[in-house]
$ cat target10.cif   # mmCIF, C-alpha atoms
data_my_file
#
loop_
_atom_site.label_atom_id
_atom_site.label_comp_id
_atom_site.auth_asym_id
_atom_site.auth_seq_id
_atom_site.Cartn_x
_atom_site.Cartn_y
_atom_site.Cartn_z
CA ALA A 109 -82.41 -70.76 -7.98
CA LEU A 110 -83.84 -67.28 -7.47
CA LEU A 111 -82.93 -67.42 -3.80
CA LEU A 112 -79.38 -68.37 -4.70
CA VAL A 113 -79.12 -65.42 -7.10
CA VAL A 114 -80.53 -62.98 -4.55
CA GLY A 115 -78.26 -64.36 -1.83
CA GLY A 116 -75.25 -64.11 -4.09
CA MET A 117 -76.10 -60.50 -4.95
CA ALA A 118 -76.48 -59.66 -1.25
CA LEU A 119 -73.14 -61.22 -0.43
CA ALA A 120 -71.48 -59.37 -3.31
CA MET A 121 -72.97 -56.05 -2.19
CA ALA A 122 -71.85 -56.66 1.40
CA ALA A 123 -68.35 -57.53 0.21
CA ALA A 124 -68.23 -54.43 -2.00
CA TRP A 125 -69.39 -52.27 0.92
CA ARG A 126 -66.68 -53.69 3.19
CA ILE A 127 -64.01 -53.10 0.55
CA ALA A 128 -65.19 -49.52 0.00
CA GLU A 129 -65.24 -48.91 3.77
CA ARG A 130 -61.72 -50.31 4.14
CA ASP A 131 -60.42 -48.15 1.29
CA ALA A 132 -62.07 -45.07 2.79
CA MET A 133 -60.53 -45.75 6.21
CA ARG A 134 -57.13 -46.26 4.62
CA GLY A 135 -57.48 -42.94 2.83
CA GLU A 136 -58.39 -41.16 6.07
CA GLN A 137 -55.43 -42.74 7.86
CA GLU A 138 -53.04 -41.67 5.12
CA GLN A 139 -54.43 -38.13 5.24
CA ALA A 140 -54.08 -38.03 9.02
CA GLN A 141 -50.49 -39.28 8.76
CA ARG A 142 -49.64 -36.58 6.22
CA GLN A 143 -51.12 -33.99 8.56
CA LEU A 144 -49.10 -35.29 11.51
CA ASP A 145 -45.95 -35.25 9.39
CA LEU A 146 -46.63 -31.63 8.52
CA TYR A 147 -47.10 -30.68 12.18
CA ALA A 148 -43.94 -32.56 13.18
CA GLN A 149 -41.87 -30.90 10.48
CA ALA A 150 -43.02 -27.39 11.38
CA LEU A 151 -42.54 -28.02 15.10
CA GLN A 152 -39.04 -29.40 14.57
CA GLN A 153 -38.12 -26.36 12.48
CA ARG A 154 -39.33 -24.05 15.23
CA ILE A 155 -37.39 -25.93 17.92
CA ASP A 156 -34.24 -25.96 15.77
CA ARG A 157 -34.60 -22.20 15.42
CA TYR A 158 -34.50 -21.77 19.20
CA ARG A 159 -31.64 -24.25 19.55
CA THR A 160 -29.32 -21.71 17.89
CA LEU A 161 -29.30 -19.28 20.81
CA PRO A 162 -27.97 -21.64 23.53
CA GLN A 163 -25.31 -22.87 21.11
CA VAL A 164 -24.13 -19.30 20.52
CA LEU A 165 -24.29 -18.31 24.18
CA ALA A 166 -22.28 -21.40 25.14
CA LEU A 167 -19.33 -19.82 23.29
CA ASP A 168 -19.62 -16.46 25.03
CA PRO A 169 -16.44 -15.68 27.03
CA GLU A 170 -18.34 -13.65 29.65
CA LEU A 171 -20.61 -16.55 30.51
CA ARG A 172 -17.63 -18.88 30.68
CA ALA A 173 -15.75 -16.47 32.95
CA ALA A 174 -18.79 -16.23 35.25
CA LEU A 175 -18.65 -20.00 35.77
CA LEU A 176 -14.93 -20.01 36.54
CA ALA A 177 -14.93 -17.49 39.40
CA PRO A 178 -17.40 -16.34 42.09
CA LEU A 179 -19.81 -13.61 40.95
CA ASP A 180 -20.14 -10.30 42.74
CA ALA A 181 -23.33 -8.22 42.65
CA ALA A 182 -22.14 -6.07 39.75
CA GLY A 183 -21.13 -9.09 37.69
CA ARG A 184 -24.44 -10.84 38.33
CA ASP A 185 -26.35 -7.71 37.34
CA GLU A 186 -24.42 -7.47 34.07
CA LEU A 187 -25.11 -11.13 33.27
CA ASN A 188 -28.81 -10.72 34.03
CA ARG A 189 -29.03 -7.78 31.63
CA LYS A 190 -27.05 -9.66 28.99
CA LEU A 191 -29.45 -12.61 29.10
CA GLU A 192 -32.40 -10.21 29.09
CA ARG A 193 -31.15 -8.61 25.87
CA ALA A 194 -30.52 -11.99 24.28
CA ASN A 195 -33.98 -13.19 25.30
CA SER A 196 -35.61 -10.21 23.58
CA VAL A 197 -34.24 -11.45 20.24
CA THR A 198 -36.21 -14.72 20.32
CA ARG A 199 -39.05 -13.75 22.70
CA SER A 200 -38.60 -17.00 24.59
CA SER A 201 -39.81 -17.56 28.12
CA THR A 202 -36.48 -17.44 29.95
CA LEU A 203 -32.76 -17.79 29.45
CA THR A 204 -30.91 -19.13 32.46
CA LEU A 205 -27.23 -19.60 33.26
CA ILE A 206 -26.72 -22.58 35.57
CA ASP A 207 -23.47 -23.67 37.19
CA ALA A 208 -22.12 -27.21 37.48
CA ASP A 209 -23.96 -27.68 40.79
CA GLY A 210 -27.30 -26.87 39.16
CA VAL A 211 -27.75 -23.41 40.72
CA ALA A 212 -29.07 -20.60 38.51
CA LEU A 213 -26.50 -17.78 38.55
CA ALA A 214 -28.35 -15.38 36.23
CA ALA A 215 -31.57 -15.28 34.20
CA SER A 216 -33.40 -13.09 31.75
CA ASN A 217 -36.41 -12.84 34.11
CA TRP A 218 -34.34 -11.32 36.92
CA ARG A 219 -36.68 -8.32 37.18
CA LEU A 220 -39.69 -10.47 38.08
CA ALA A 221 -40.72 -11.52 41.57
CA SER A 222 -40.81 -15.08 40.23
CA SER A 223 -37.21 -14.89 38.96
CA ASN A 224 -35.39 -18.20 39.00
CA VAL A 225 -32.02 -16.68 39.95
CA GLY A 226 -30.63 -18.68 42.86
CA GLN A 227 -32.92 -21.67 42.29
CA ASP A 228 -31.52 -25.20 42.28
CA TYR A 229 -32.11 -27.00 38.96
CA GLY A 230 -29.62 -29.80 39.44
CA PHE A 231 -32.39 -32.40 39.49
CA ARG A 232 -33.85 -31.35 36.14
CA PRO A 233 -33.18 -33.86 33.30
CA TYR A 234 -32.13 -31.22 30.77
CA VAL A 235 -29.43 -29.94 33.16
CA ARG A 236 -28.04 -33.41 33.89
CA GLU A 237 -28.08 -34.34 30.19
CA ALA A 238 -26.23 -31.20 29.13
CA LEU A 239 -23.55 -31.63 31.81
CA ALA A 240 -23.09 -35.29 30.85
CA ARG A 241 -23.52 -35.23 27.05
CA GLY A 242 -23.22 -31.62 25.97
CA GLU A 243 -26.88 -30.82 25.34
CA GLY A 244 -30.32 -31.73 26.58
CA ARG A 245 -34.02 -31.31 25.92
CA PHE A 246 -37.06 -31.85 28.07
CA TYR A 247 -40.77 -31.06 28.14
CA GLY A 248 -42.16 -30.29 31.57
CA ILE A 249 -43.56 -27.75 34.02
CA GLY A 250 -41.37 -24.83 35.05
CA VAL A 251 -40.16 -25.07 38.64
CA THR A 252 -40.67 -21.39 39.48
CA THR A 253 -43.21 -20.31 36.85
CA GLY A 254 -45.45 -23.38 37.02
CA GLU A 255 -45.98 -23.07 33.26
CA PRO A 256 -45.49 -25.90 30.76
CA GLY A 257 -42.73 -25.54 28.21
CA TYR A 258 -39.97 -27.18 26.21
CA PHE A 259 -36.46 -26.76 27.61
CA LEU A 260 -33.28 -26.79 25.50
CA SER A 261 -29.90 -26.79 27.21
CA GLN A 262 -26.29 -26.48 26.07
CA ALA A 263 -23.14 -27.14 28.09
CA ILE A 264 -20.54 -24.40 28.52
CA ARG A 265 -17.04 -25.91 28.51
CA ASP A 266 -13.55 -24.74 29.37
CA ASP A 267 -10.52 -25.09 27.11
CA ARG A 268 -10.04 -28.70 28.23
CA GLY A 269 -13.60 -29.63 27.38
CA ARG A 270 -14.78 -29.83 30.98
CA ALA A 271 -18.43 -28.82 31.52
CA LEU A 272 -18.52 -25.66 33.64
CA GLY A 273 -22.26 -25.15 33.54
CA VAL A 274 -25.31 -24.96 31.31
CA ILE A 275 -27.25 -22.31 29.42
CA VAL A 276 -30.97 -23.09 29.14
CA ILE A 277 -33.73 -21.64 27.00
CA ALA A 278 -37.40 -22.33 27.79
CA ILE A 279 -39.96 -22.30 24.97
CA PRO A 280 -43.48 -21.70 26.32
CA LEU A 281 -46.17 -24.18 25.39
CA ILE A 282 -48.25 -21.37 23.89
CA ILE A 283 -45.61 -20.86 21.18
CA ILE A 284 -45.71 -24.56 20.32
CA ILE A 285 -49.51 -24.49 20.16
CA CYS A 286 -49.47 -21.41 17.91
CA CYS A 287 -47.02 -23.14 15.60
CA CYS A 288 -49.33 -26.15 15.25
CA CYS A 289 -52.39 -23.93 14.79
CA CYS A 290 -50.66 -22.05 11.96
CA CYS A 291 -49.92 -25.35 10.24
CA ALA A 292 -53.53 -26.42 10.62
CA ALA A 293 -54.78 -23.13 9.19
CA ILE A 294 -52.51 -23.47 6.17
CA ALA A 295 -53.31 -27.11 5.52
CA SER A 296 -57.05 -26.96 6.21
CA PRO A 297 -58.16 -25.31 2.92
CA TRP A 298 -56.32 -27.94 0.89
CA ARG A 299 -57.66 -30.76 3.04
CA GLU A 300 -61.19 -29.55 2.32
CA ALA A 301 -60.25 -29.02 -1.31
CA GLU A 302 -59.46 -32.72 -1.64
CA ARG A 303 -63.15 -33.40 -1.02
CA GLU A 304 -64.64 -30.54 -3.07
CA PRO A 305 -62.08 -28.32 -4.85
CA LEU A 306 -62.96 -24.63 -4.71
CA ALA A 307 -61.13 -21.54 -5.85
CA VAL A 308 -61.34 -19.06 -2.95
CA LEU A 309 -61.60 -15.54 -4.32
CA PRO A 310 -60.31 -12.44 -2.45
CA LEU A 311 -62.84 -10.61 -0.32
CA ALA A 312 -61.70 -7.13 -1.30
CA GLY A 313 -64.03 -5.17 -3.59
CA PRO A 314 -67.49 -6.42 -4.60
CA ARG A 315 -68.56 -9.62 -2.96
CA ARG A 316 -67.98 -12.61 -5.21
CA ARG A 317 -69.25 -16.15 -5.28
CA GLU A 318 -66.91 -19.12 -4.89
CA GLN A 319 -66.31 -20.79 -8.22
CA PRO A 320 -65.32 -24.39 -8.99
CA ALA A 321 -61.58 -24.78 -9.34
CA THR A 322 -60.29 -25.47 -12.83
CA SER A 323 -57.31 -27.47 -11.63
CA SER A 324 -56.36 -29.61 -8.69
CA PRO A 325 -54.89 -27.81 -5.67
CA PRO A 326 -51.13 -27.77 -5.18
CA PRO A 327 -49.61 -30.31 -2.78
CA VAL A 328 -49.53 -29.48 0.93
CA LEU A 329 -46.16 -27.99 1.74
CA SER A 330 -44.77 -26.70 4.99
CA PRO A 331 -44.34 -22.91 4.94
CA PRO A 332 -40.69 -21.85 4.92
CA ILE A 333 -39.48 -20.67 8.30
CA LYS A 334 -36.69 -18.16 8.28
CA HIS A 335 -34.04 -19.02 10.82
CA SER A 336 -32.82 -16.13 12.92
CA VAL A 337 -29.13 -15.46 12.58
CA ILE A 338 -27.86 -14.54 16.03
CA THR A 339 -24.37 -13.17 16.47
CA LEU A 340 -22.37 -12.38 19.55
CA ASP A 341 -22.53 -8.68 18.66
CA VAL A 342 -26.25 -8.66 19.52
CA LEU A 343 -25.53 -10.08 22.94
CA LYS A 344 -22.92 -7.54 23.99
#
$ encode --input "target10.cif" --output "structure tokens"
Amino acid sequence: ALLLVVGGMALAMAAAWRIAERDAMRGEQEQAQRQLDLYAQALQQRIDRYRTLPQVLALDPELRAALLAPLDAAGRDELNRKLERANSVTRSSTLTLIDADGVALAASNWRLASSNVGQDYGFRPYVREALARGEGRFYGIGVTTGEPGYFLSQAIRDDRGRALGVIVIAIPLIIIICCCCCCAAIASPWREAEREPLAVLPLAGPRRREQPATSSPPPVLSPPIKHSVITLDVLK
């Protein structure tokens, strides 16, 4: 009888341990999912912010005119400078104007030895998608720079809706990484607080000791990201 009691207690303890382990794993999975959702939300907001510029440039009459007639040296120089000014607003990697054949007519990096002006991008997915469906997006390695980035493209159309070419913006991978790191830095104190809540005191003035929090920490929220408002006046 004693053996049966001891065996039953052992089985009950093992079952309780398994249940506790399962609950702990479920909690960790839910926390990881919330963290991934936070990263995804912040990253999508950042990408949407950069999406604005190609959409605005696609309406620019000077870019449309450049795709309708052959460019001379003076016209190409003016377009290069225009894209350079526009690129300085968002601090992106490059802005590139590409014709319907996939050839880069002008780019914001025209001053560099590695400029992509004159390069053929007709094989790139984001160019084909924009010409076929109006817009495209693609993550890959830059053809001329060799650097990883996220590419957003927007078709430039004539009055009949025919695609004349594409304007492309490249977001460097480093910007995406910084965005995710900022989210992690914001969320990390609250993630630790879920285990052992602490009220973090400011470091200014006399050094103070961390004190137990008197209330539970606020929920993890994504920091608001102000969207840049870009007008055609900036690009003139």
$ atom_distance --input "target10.cif" --atom1 "atom CA of A:Arg270" --atom2 "atom CA of A:Asn188"
23.9 Å
$ resolve_selection --input "target10.cif" --expression "the PyMOL selection byres ((chain A and resi 261) around 9)" --output "list in words"
Arg159, Pro162, Gln163, Tyr234, Val235, Glu237, Ala238, Gly242, Glu243, Gly244, Arg245, Phe246, Phe259, Leu260, Gln262, Ala263, Val274, Ile275, Val276, Ile277 and Ala278 of chain A
$ closest_residue --input "target10.cif" --among "A:Ser216, A:Asn195, A:Thr204, A:Gln227" --to "A:Gly273" --atoms "all atoms listed in the file"
A:Thr204
$ atom_distance --input "target10.cif" --atom1 "atom CA of A:Trp125" --atom2 "atom CA of A:Arg142"
25.8 Å
$ closest_atom_pairs --input "target10.cif" --of "stretch 208-239 of chain A" --to "stretch 166-180 of chain A" --cutoff "10 Å" --atoms "all atoms listed in the file" --output "tab-separated table"
residue	atom	partner	partner_atom	distance
A:Ala208	CA	A:Leu175	CA	8.2
A:Leu213	CA	A:Leu179	CA	8.2
A:Ala214	CA	A:Ala174	CA	9.6
$ closest_residue --input "target10.cif" --among "A:Asp266, A:Ala271, A:Leu151, A:Asn224" --to "A:Arg236" --atoms "all atoms listed in the file"
A:Ala271
$ atom_distance --input "target10.cif" --atom1 "atom CA of A:Tyr258" --atom2 "atom CA of A:Thr198"
14.3 Å
$ resolve_selection --input "target10.cif" --expression "the PyMOL selection byres ((chain A and resi 220) around 12)" --output "list in words"
Asn188, Glu192, Thr202, Ala215, Ser216, Asn217, Trp218, Arg219, Ala221, Ser222, Ser223, Asn224, Val225, Thr252 and Thr253 of chain A
$ decode --input "target10.cif" --residues "stretch 115-127 of chain A" --atoms "all heavy atoms" --output "tab-separated table (two decimals), in the first residue's frame"
chain	number	residue	atom	x	y	z
A	115	GLY	N	4.20	5.74	-5.30
A	115	GLY	CA	4.16	5.74	-6.76
A	115	GLY	C	3.15	6.74	-7.29
A	115	GLY	O	3.39	7.45	-8.27
A	116	GLY	N	1.98	6.77	-6.61
A	116	GLY	CA	0.97	7.76	-7.03
A	116	GLY	C	1.45	9.18	-6.87
A	116	GLY	O	1.21	10.04	-7.72
A	117	MET	N	2.14	9.45	-5.75
A	117	MET	CA	2.68	10.80	-5.52
A	117	MET	C	3.72	11.15	-6.58
A	117	MET	O	3.77	12.28	-7.07
A	117	MET	CB	3.28	10.88	-4.12
A	117	MET	CG	2.26	10.80	-2.99
A	117	MET	SD	3.05	10.85	-1.35
A	117	MET	CE	3.83	12.45	-1.42
A	118	ALA	N	4.56	10.19	-6.94
A	118	ALA	CA	5.59	10.44	-7.96
A	118	ALA	C	4.96	10.75	-9.31
A	118	ALA	O	5.39	11.66	-10.02
A	118	ALA	CB	6.52	9.23	-8.05
A	119	LEU	N	3.93	9.97	-9.64
A	119	LEU	CA	3.24	10.22	-10.91
A	119	LEU	C	2.57	11.59	-10.90
A	119	LEU	O	2.58	12.31	-11.91
A	119	LEU	CB	2.21	9.12	-11.16
A	119	LEU	CG	2.78	7.74	-11.51
A	119	LEU	CD1	1.64	6.72	-11.61
A	119	LEU	CD2	3.54	7.80	-12.83
A	120	ALA	N	1.96	11.95	-9.77
A	120	ALA	CA	1.30	13.25	-9.68
A	120	ALA	C	2.30	14.39	-9.80
A	120	ALA	O	2.04	15.40	-10.48
A	120	ALA	CB	0.54	13.35	-8.35
A	121	MET	N	3.46	14.25	-9.16
A	121	MET	CA	4.49	15.28	-9.25
A	121	MET	C	5.03	15.39	-10.67
A	121	MET	O	5.26	16.49	-11.17
A	121	MET	CB	5.64	14.94	-8.29
A	121	MET	CG	5.26	15.05	-6.81
A	121	MET	SD	6.60	14.55	-5.72
A	121	MET	CE	7.86	15.75	-6.14
A	122	ALA	N	5.21	14.24	-11.33
A	122	ALA	CA	5.69	14.28	-12.72
A	122	ALA	C	4.68	14.95	-13.62
A	122	ALA	O	5.02	15.76	-14.50
A	122	ALA	CB	5.98	12.86	-13.20
A	123	ALA	N	3.38	14.63	-13.40
A	123	ALA	CA	2.34	15.25	-14.21
A	123	ALA	C	2.27	16.75	-13.97
A	123	ALA	O	2.11	17.55	-14.90
A	123	ALA	CB	0.99	14.59	-13.91
A	124	ALA	N	2.40	17.14	-12.69
A	124	ALA	CA	2.36	18.58	-12.37
A	124	ALA	C	3.54	19.30	-13.01
A	124	ALA	O	3.41	20.44	-13.51
A	124	ALA	CB	2.38	18.76	-10.85
A	125	TRP	N	4.72	18.65	-12.99
A	125	TRP	CA	5.90	19.26	-13.59
A	125	TRP	C	5.72	19.44	-15.10
A	125	TRP	O	6.07	20.48	-15.66
A	125	TRP	CB	7.11	18.39	-13.30
A	125	TRP	CG	8.39	18.96	-13.85
A	125	TRP	CD1	9.19	19.92	-13.29
A	125	TRP	CD2	9.01	18.63	-15.10
A	125	TRP	NE1	10.26	20.20	-14.08
A	125	TRP	CE2	10.17	19.42	-15.22
A	125	TRP	CE3	8.68	17.73	-16.13
A	125	TRP	CZ2	11.01	19.34	-16.31
A	125	TRP	CZ3	9.52	17.66	-17.22
A	125	TRP	CH2	10.67	18.46	-17.32
A	126	ARG	N	5.15	18.44	-15.76
A	126	ARG	CA	4.91	18.53	-17.20
A	126	ARG	C	3.93	19.64	-17.52
A	126	ARG	O	4.09	20.39	-18.50
A	126	ARG	CB	4.40	17.19	-17.74
A	126	ARG	CG	5.40	16.06	-17.71
A	126	ARG	CD	6.61	16.38	-18.61
A	126	ARG	NE	6.20	16.54	-19.96
A	126	ARG	CZ	6.11	15.55	-20.85
A	126	ARG	NH1	6.41	14.31	-20.46
A	126	ARG	NH2	5.76	15.79	-22.10
A	127	ILE	N	2.88	19.75	-16.71
A	127	ILE	CA	1.88	20.81	-16.93
A	127	ILE	C	2.52	22.18	-16.74
A	127	ILE	O	2.29	23.11	-17.54
A	127	ILE	CB	0.69	20.61	-15.99
A	127	ILE	CG1	-0.08	19.34	-16.36
A	127	ILE	CG2	-0.24	21.83	-16.05
A	127	ILE	CD1	-1.19	18.99	-15.39
